[in-house]
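Have a look at the structure below, then the notes.
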Amino acid sequence: MRYGIISDVHANLEALTAVAEALARSEVDRIVCAGDIVGYGADPCGCIDRMRSLGVLTAAGNHDRACIGRLETAYFNDAARAAVEWTSRVLREEDGRYLASLNLVENVGEKFTLVHGTLSSPEEFDYLLDYFAVASSFSLLTRPVGFVGHSHVPIAFYLRPDGNIAYFHKPKIILEKGNKYFVNVGSVGQPRDGDRRAAYAVYDDEAGVVEIKRVEYDVAGAQEKIIRAGLPEFLAQRLAVGG
Ligand code: ZN
């Protein structure tokens with residue numbers, strides 16, 4: 001099977017549309033998401049509609065939870081909190097029900113796991129970045145691969161059979177038997193690695209290859225909607241630089 005792996009859509013319908021078209025060209029069989037459909041961008045309802053019509057299995061992100069009042073925003077920065085408040089006002093009732101139905105952890109058969117932050121405390125949405133977070137999440141990973149989001153920066157960690165953990169930033173990840181992997185596929189709707197193009201991945205489980213890809217989208221269109229919605233201007237500006 002070929003899977004399209006996405007994360008951190010963040011209500012950016014222009015980016016999601018470009019990624020969905022790219023995934024269709026890549027002939028993926030199924031699309032899954034590591035969380036944060038909404039928050040930051042100006043099209044939360046449109047993105048939820050598109051995710052539902054594409055049949056995307058999604059693990060809950062912190063913004064997905066915050067926008068329906070199921071996560072405190074005390075630790076959100078001002079722009080993020082303003083976006084959560086705006087989003088919670090525009091969501092339709094059915095959107096709230098849909099977001100509430102998302103689980104923190106999803107397994108796709110025996111093949112892989114989806115979680116937004118860490119497996120050790122998925123409800124706290126810590127970043128899977130430092131050694132201890134990665135090591136403790138590996139100890140809970142029951143599939144060969146876990147796909148994560150949250151940092152908006154593509155990265156892959158791997159655990160070797162001898163217990164060593166390493167990471168790399170290469171776009172093509174060849175999965176070796178016996179290793180376990182966590183792959184952050186980057187962000188569809190708000191990349192933060194200095195590349196403004198939307199990020200996504202294609203995972204071919206038979207070939208054992210994950211490829212992180214980028215696609216151009218209508219950044220100006222997404223920015224204009226953010227400004228028009230009265231969301232913080234910073235949220236529009238950062239899309240132009242991918243930071
Ligand atoms: Zn996010």
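We name chains A, B, ... following the order of the structure tokens; residues begin at 1 in each chain, and ligands are numbered from 1 as shown.
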
If you take only C-alpha atoms and all ligand atoms and a cut-off of 9 Å, which residues of chain A touch ligand 1, and what are their nearest atom pairs and distances in Å to one decimal, in chain and number order, as JSON lines?
{"residue": "A:Ser7", "atom": "CA", "partner": "ligand 1", "partner_atom_place_in_ligand_line": "1 (Zn)", "distance": 7.7}
{"residue": "A:Asp8", "atom": "CA", "partner": "ligand 1", "partner_atom_place_in_ligand_line": "1 (Zn)", "distance": 4.6}
{"residue": "A:Val9", "atom": "CA", "partner": "ligand 1", "partner_atom_place_in_ligand_line": "1 (Zn)", "distance": 7.5}
{"residue": "A:His10", "atom": "CA", "partner": "ligand 1", "partner_atom_place_in_ligand_line": "1 (Zn)", "distance": 6.6}
{"residue": "A:Gly35", "atom": "CA", "partner": "ligand 1", "partner_atom_place_in_ligand_line": "1 (Zn)", "distance": 7.4}
{"residue": "A:Asp36", "atom": "CA", "partner": "ligand 1", "partner_atom_place_in_ligand_line": "1 (Zn)", "distance": 5.3}
{"residue": "A:Ile37", "atom": "CA", "partner": "ligand 1", "partner_atom_place_in_ligand_line": "1 (Zn)", "distance": 8.2}
{"residue": "A:Val38", "atom": "CA", "partner": "ligand 1", "partner_atom_place_in_ligand_line": "1 (Zn)", "distance": 8.5}
{"residue": "A:Gly39", "atom": "CA", "partner": "ligand 1", "partner_atom_place_in_ligand_line": "1 (Zn)", "distance": 7.8}
{"residue": "A:Tyr40", "atom": "CA", "partner": "ligand 1", "partner_atom_place_in_ligand_line": "1 (Zn)", "distance": 8.6}
{"residue": "A:Gly61", "atom": "CA", "partner": "ligand 1", "partner_atom_place_in_ligand_line": "1 (Zn)", "distance": 7.1}
{"residue": "A:Asn62", "atom": "CA", "partner": "ligand 1", "partner_atom_place_in_ligand_line": "1 (Zn)", "distance": 7.3}
{"residue": "A:His63", "atom": "CA", "partner": "ligand 1", "partner_atom_place_in_ligand_line": "1 (Zn)", "distance": 6.9}
{"residue": "A:His116", "atom": "CA", "partner": "ligand 1", "partner_atom_place_in_ligand_line": "1 (Zn)", "distance": 8.4}
{"residue": "A:Gly149", "atom": "CA", "partner": "ligand 1", "partner_atom_place_in_ligand_line": "1 (Zn)", "distance": 6.9}
{"residue": "A:His150", "atom": "CA", "partner": "ligand 1", "partner_atom_place_in_ligand_line": "1 (Zn)", "distance": 4.5}
{"residue": "A:Ser151", "atom": "CA", "partner": "ligand 1", "partner_atom_place_in_ligand_line": "1 (Zn)", "distance": 6.6}
{"residue": "A:His152", "atom": "CA", "partner": "ligand 1", "partner_atom_place_in_ligand_line": "1 (Zn)", "distance": 6.3}
{"residue": "A:Ser187", "atom": "CA", "partner": "ligand 1", "partner_atom_place_in_ligand_line": "1 (Zn)", "distance": 7.3}
{"residue": "A:Gly189", "atom": "CA", "partner": "ligand 1", "partner_atom_place_in_ligand_line": "1 (Zn)", "distance": 8.7}
{"residue": "A:Gln190", "atom": "CA", "partner": "ligand 1", "partner_atom_place_in_ligand_line": "1 (Zn)", "distance": 7.7}

Prev. selection, N, CA and C atoms, output as a compact mmCIF listing (two decimals), in the first residue's frame:
# COMPACT_ATOMS: atom_id res chain seq x y z
N SER A 7 0.39 16.18 8.16
CA SER A 7 0.22 16.67 9.53
C SER A 7 0.11 18.19 9.52
N ASP A 8 -0.42 18.73 10.60
CA ASP A 8 -0.44 20.18 10.81
C ASP A 8 -0.94 20.96 9.60
N VAL A 9 -2.18 20.66 9.25
CA VAL A 9 -2.85 21.33 8.13
C VAL A 9 -3.16 22.78 8.50
N HIS A 10 -3.56 22.97 9.73
CA HIS A 10 -3.79 24.30 10.30
C HIS A 10 -4.67 25.21 9.46
N GLY A 35 -2.42 15.04 13.01
CA GLY A 35 -3.08 16.03 13.88
C GLY A 35 -2.93 17.48 13.49
N ASP A 36 -3.74 18.30 14.16
CA ASP A 36 -3.85 19.75 13.91
C ASP A 36 -4.40 20.07 12.52
N ILE A 37 -5.66 19.74 12.36
CA ILE A 37 -6.38 20.12 11.13
C ILE A 37 -6.66 21.62 11.18
N VAL A 38 -6.97 22.12 12.37
CA VAL A 38 -7.42 23.52 12.51
C VAL A 38 -6.41 24.33 13.32
N GLY A 39 -6.72 25.62 13.49
CA GLY A 39 -5.85 26.53 14.23
C GLY A 39 -4.91 27.27 13.29
N TYR A 40 -4.69 28.54 13.54
CA TYR A 40 -3.80 29.44 12.78
C TYR A 40 -4.42 29.98 11.49
N GLY A 61 -4.71 16.68 17.39
CA GLY A 61 -3.61 17.60 17.73
C GLY A 61 -4.04 18.55 18.83
N ASN A 62 -3.08 19.30 19.36
CA ASN A 62 -3.40 20.23 20.45
C ASN A 62 -4.38 21.31 20.01
N HIS A 63 -4.25 21.80 18.77
CA HIS A 63 -5.20 22.82 18.30
C HIS A 63 -6.59 22.22 18.08
N HIS A 116 0.20 12.96 17.64
CA HIS A 116 0.65 14.33 17.35
C HIS A 116 1.98 14.66 18.04
N GLY A 149 3.70 14.83 14.44
CA GLY A 149 3.66 16.19 13.91
C GLY A 149 4.14 17.17 14.97
N HIS A 150 3.41 18.29 15.09
CA HIS A 150 3.55 19.24 16.20
C HIS A 150 4.68 20.26 16.05
N SER A 151 5.91 19.83 15.67
CA SER A 151 7.00 20.81 15.57
C SER A 151 7.01 21.52 14.21
N HIS A 152 6.32 20.96 13.25
CA HIS A 152 6.26 21.51 11.88
C HIS A 152 7.61 21.45 11.17
N SER A 187 4.86 20.12 8.08
CA SER A 187 3.51 20.70 8.14
C SER A 187 2.98 21.05 6.75
N GLY A 189 0.24 23.12 6.38
CA GLY A 189 -0.30 24.47 6.32
C GLY A 189 0.50 25.56 6.98
N GLN A 190 1.59 25.20 7.69
CA GLN A 190 2.42 26.24 8.31
C GLN A 190 3.84 25.70 8.54

Write out as a PyMOL selection string which residues come within 12 Å of range 235-241 of chain A when counting only C-alpha atoms, dropping same-chain ones fewer than 5 positions away. chain A and resi 10-12+14-15+39-42+77-83+187-198+216-230

Take the residues from that selection and put them in a file with C-alpha atoms, as a compact mmCIF listing (two decimals), in the first residue's frame.
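Okay, this is what ended up in part14.txt:
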# COMPACT_ATOMS: atom_id res chain seq x y z
CA HIS A 10 -3.79 24.30 10.30
CA ALA A 11 -6.85 25.48 8.42
CA ASN A 12 -4.82 26.27 5.30
CA GLU A 14 -4.85 26.32 -0.26
CA ALA A 15 -2.01 24.15 1.06
CA GLY A 39 -5.85 26.53 14.23
CA TYR A 40 -3.80 29.44 12.78
CA GLY A 41 -5.40 29.53 9.33
CA ALA A 42 -8.67 30.97 8.06
CA ASN A 77 1.43 31.97 22.51
CA ASP A 78 -0.74 35.05 21.90
CA ALA A 79 -1.21 34.49 18.17
CA ALA A 80 -2.04 30.83 18.68
CA ARG A 81 -4.54 31.66 21.43
CA ALA A 82 -6.19 34.35 19.30
CA ALA A 83 -6.51 31.81 16.49
CA SER A 187 3.51 20.70 8.14
CA VAL A 188 1.02 21.08 5.31
CA GLY A 189 -0.30 24.47 6.32
CA GLN A 190 2.42 26.24 8.31
CA PRO A 191 5.94 24.92 7.59
CA ARG A 192 8.62 26.14 10.01
CA ASP A 193 11.81 24.78 8.49
CA GLY A 194 12.54 27.76 6.27
CA ASP A 195 10.85 26.22 3.23
CA ARG A 196 7.47 27.81 2.61
CA ARG A 197 6.19 24.96 0.43
CA ALA A 198 3.63 22.57 1.93
CA GLU A 216 4.07 24.93 -3.97
CA TYR A 217 0.65 26.33 -3.12
CA ASP A 218 -1.19 29.65 -3.25
CA VAL A 219 0.51 31.30 -0.25
CA ALA A 220 -0.85 34.76 -1.14
CA GLY A 221 -4.40 33.41 -1.21
CA ALA A 222 -4.04 31.84 2.25
CA GLN A 223 -2.44 35.03 3.62
CA GLU A 224 -5.21 37.22 2.27
CA LYS A 225 -7.89 35.11 3.99
CA ILE A 226 -6.01 35.28 7.32
CA ILE A 227 -5.85 39.09 7.12
CA ARG A 228 -9.48 39.38 6.03
CA ALA A 229 -10.59 37.16 8.92
CA GLY A 230 -8.91 39.52 11.37

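Distance-wise, CA of Ile6 in chain A and CA of Tyr200 in chain A end up 5.0 Å apart.
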
Would you return as a VMD selection string the members of range 9-53 of chain A that DSSP assigns to strand (DSSP E or B) on this structure's backbone? chain A and resid 30 to 33

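Counting only C-alpha atoms, the residue from A:Leu99, A:Ala34, A:Ala74, A:Val153 that sits nearest to Arg52 in chain A is A:Leu99.
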
Would you return as a count of residues only the members of range 19-231 of chain A that DSSP assigns to alpha helix (DSSP H) on this structure's backbone? 64

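If you measure from each of A:Arg160, A:Val210, A:Val185, A:Phe138 to Ile173 in chain A using only C-alpha atoms, the closest one turns out to be A:Val210.
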
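Proximity ranking of A:Cys47, A:Val32, A:Ala207, A:Leu140 relative to Asp64 in chain A places A:Cys47 first, based on only C-alpha atoms.
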
If we count only C-alpha atoms, what is near Ala24 in chain A at a cut-off of 12 Å, once residues fewer than 4 positions away on the same chain are taken out, given as a VMD selection string? chain A and resid 2 to 4 17 to 20 28 to 31 54 202

Write out, as a PDB file, in the first residue's frame, the residues just selected, with N, CA and C atoms.
ATOM      1  N   ARG A   2       0.341   2.263  -0.636  1.00  0.00           N
ATOM      2  CA  ARG A   2       1.015   3.561  -0.591  1.00  0.00           C
ATOM      3  C   ARG A   2       0.151   4.520   0.233  1.00  0.00           C
ATOM      4  N   TYR A   3       0.756   5.076   1.254  1.00  0.00           N
ATOM      5  CA  TYR A   3       0.036   5.981   2.153  1.00  0.00           C
ATOM      6  C   TYR A   3       0.524   7.408   1.960  1.00  0.00           C
ATOM      7  N   GLY A   4      -0.411   8.333   1.929  1.00  0.00           N
ATOM      8  CA  GLY A   4      -0.067   9.749   2.022  1.00  0.00           C
ATOM      9  C   GLY A   4      -0.090  10.106   3.499  1.00  0.00           C
ATOM     10  N   THR A  17      -5.239  21.677  -0.425  1.00  0.00           N
ATOM     11  CA  THR A  17      -5.671  21.362  -1.795  1.00  0.00           C
ATOM     12  C   THR A  17      -4.475  20.950  -2.649  1.00  0.00           C
ATOM     13  N   ALA A  18      -3.377  21.703  -2.541  1.00  0.00           N
ATOM     14  CA  ALA A  18      -2.178  21.379  -3.329  1.00  0.00           C
ATOM     15  C   ALA A  18      -1.618  20.010  -2.932  1.00  0.00           C
ATOM     16  N   VAL A  19      -1.632  19.715  -1.628  1.00  0.00           N
ATOM     17  CA  VAL A  19      -1.108  18.432  -1.156  1.00  0.00           C
ATOM     18  C   VAL A  19      -2.021  17.285  -1.604  1.00  0.00           C
ATOM     19  N   ALA A  20      -3.331  17.490  -1.513  1.00  0.00           N
ATOM     20  CA  ALA A  20      -4.266  16.432  -1.938  1.00  0.00           C
ATOM     21  C   ALA A  20      -4.083  16.128  -3.426  1.00  0.00           C
ATOM     22  N   VAL A  28      -1.530   7.458  -4.098  1.00  0.00           N
ATOM     23  CA  VAL A  28      -1.598   6.826  -2.783  1.00  0.00           C
ATOM     24  C   VAL A  28      -2.971   6.156  -2.616  1.00  0.00           C
ATOM     25  N   ASP A  29      -2.984   5.090  -1.818  1.00  0.00           N
ATOM     26  CA  ASP A  29      -4.225   4.351  -1.577  1.00  0.00           C
ATOM     27  C   ASP A  29      -5.024   4.955  -0.440  1.00  0.00           C
ATOM     28  N   ARG A  30      -4.322   5.611   0.467  1.00  0.00           N
ATOM     29  CA  ARG A  30      -4.999   6.107   1.665  1.00  0.00           C
ATOM     30  C   ARG A  30      -4.207   7.277   2.248  1.00  0.00           C
ATOM     31  N   ILE A  31      -4.915   8.251   2.830  1.00  0.00           N
ATOM     32  CA  ILE A  31      -4.243   9.393   3.462  1.00  0.00           C
ATOM     33  C   ILE A  31      -4.519   9.358   4.959  1.00  0.00           C
ATOM     34  N   LEU A  54     -11.955  13.215   1.933  1.00  0.00           N
ATOM     35  CA  LEU A  54     -10.828  12.372   1.527  1.00  0.00           C
ATOM     36  C   LEU A  54     -10.711  11.118   2.409  1.00  0.00           C
ATOM     37  N   VAL A 202       5.031  10.406   1.385  1.00  0.00           N
ATOM     38  CA  VAL A 202       4.460   9.198   0.795  1.00  0.00           C
ATOM     39  C   VAL A 202       5.200   8.019   1.415  1.00  0.00           C
TER      40      VAL A 202
END

Counting only C-alpha atoms, what is within 7 Å of range 65-70 of chain A, bar same-chain residues fewer than 6 positions away, as a list in words? Val84, Thr87, Ser88 and Gly96 of chain A

For the selection just defined, write its residues with N, CA and C atoms to a file, as a PDB file, in the first residue's frame.
ATOM      1  N   VAL A  84      -7.138  30.209  18.212  1.00  0.00           N
ATOM      2  CA  VAL A  84      -8.023  29.221  18.839  1.00  0.00           C
ATOM      3  C   VAL A  84      -9.382  29.865  19.129  1.00  0.00           C
ATOM      4  N   THR A  87     -11.201  30.444  15.859  1.00  0.00           N
ATOM      5  CA  THR A  87     -11.642  29.164  15.273  1.00  0.00           C
ATOM      6  C   THR A  87     -12.845  28.604  16.013  1.00  0.00           C
ATOM      7  N   SER A  88     -12.806  28.677  17.350  1.00  0.00           N
ATOM      8  CA  SER A  88     -13.917  28.088  18.111  1.00  0.00           C
ATOM      9  C   SER A  88     -15.225  28.833  17.838  1.00  0.00           C
ATOM     10  N   GLY A  96     -17.329  20.508  15.505  1.00  0.00           N
ATOM     11  CA  GLY A  96     -16.995  20.240  16.904  1.00  0.00           C
ATOM     12  C   GLY A  96     -17.130  18.755  17.220  1.00  0.00           C
TER      13      GLY A  96
END

Which residue gives the smallest distance to Glu176 in chain A among A:Val145, A:Asn164, A:Ala201, A:Gly208, with only C-alpha atoms counted? A:Gly208

Using only C-alpha atoms, the shortest atom-to-atom distance to Lys172 in chain A among A:Glu211, A:Ile155, A:Asp205, A:Ala199 belongs to A:Glu211

Would you compute the distance between CA of Ala166 in chain A and CA of Arg214 in chain A? Give it in Å to one decimal. 23.8 Å

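If only C-alpha atoms are the atoms counted, then among A:Leu129, A:Leu119, A:Lys180, A:Ile165 the closest residue to Pro144 in chain A is A:Lys180.
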
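Rounded to one decimal, CA of Ser53 in chain A and CA of Glu94 in chain A lie 13.9 Å from each other.
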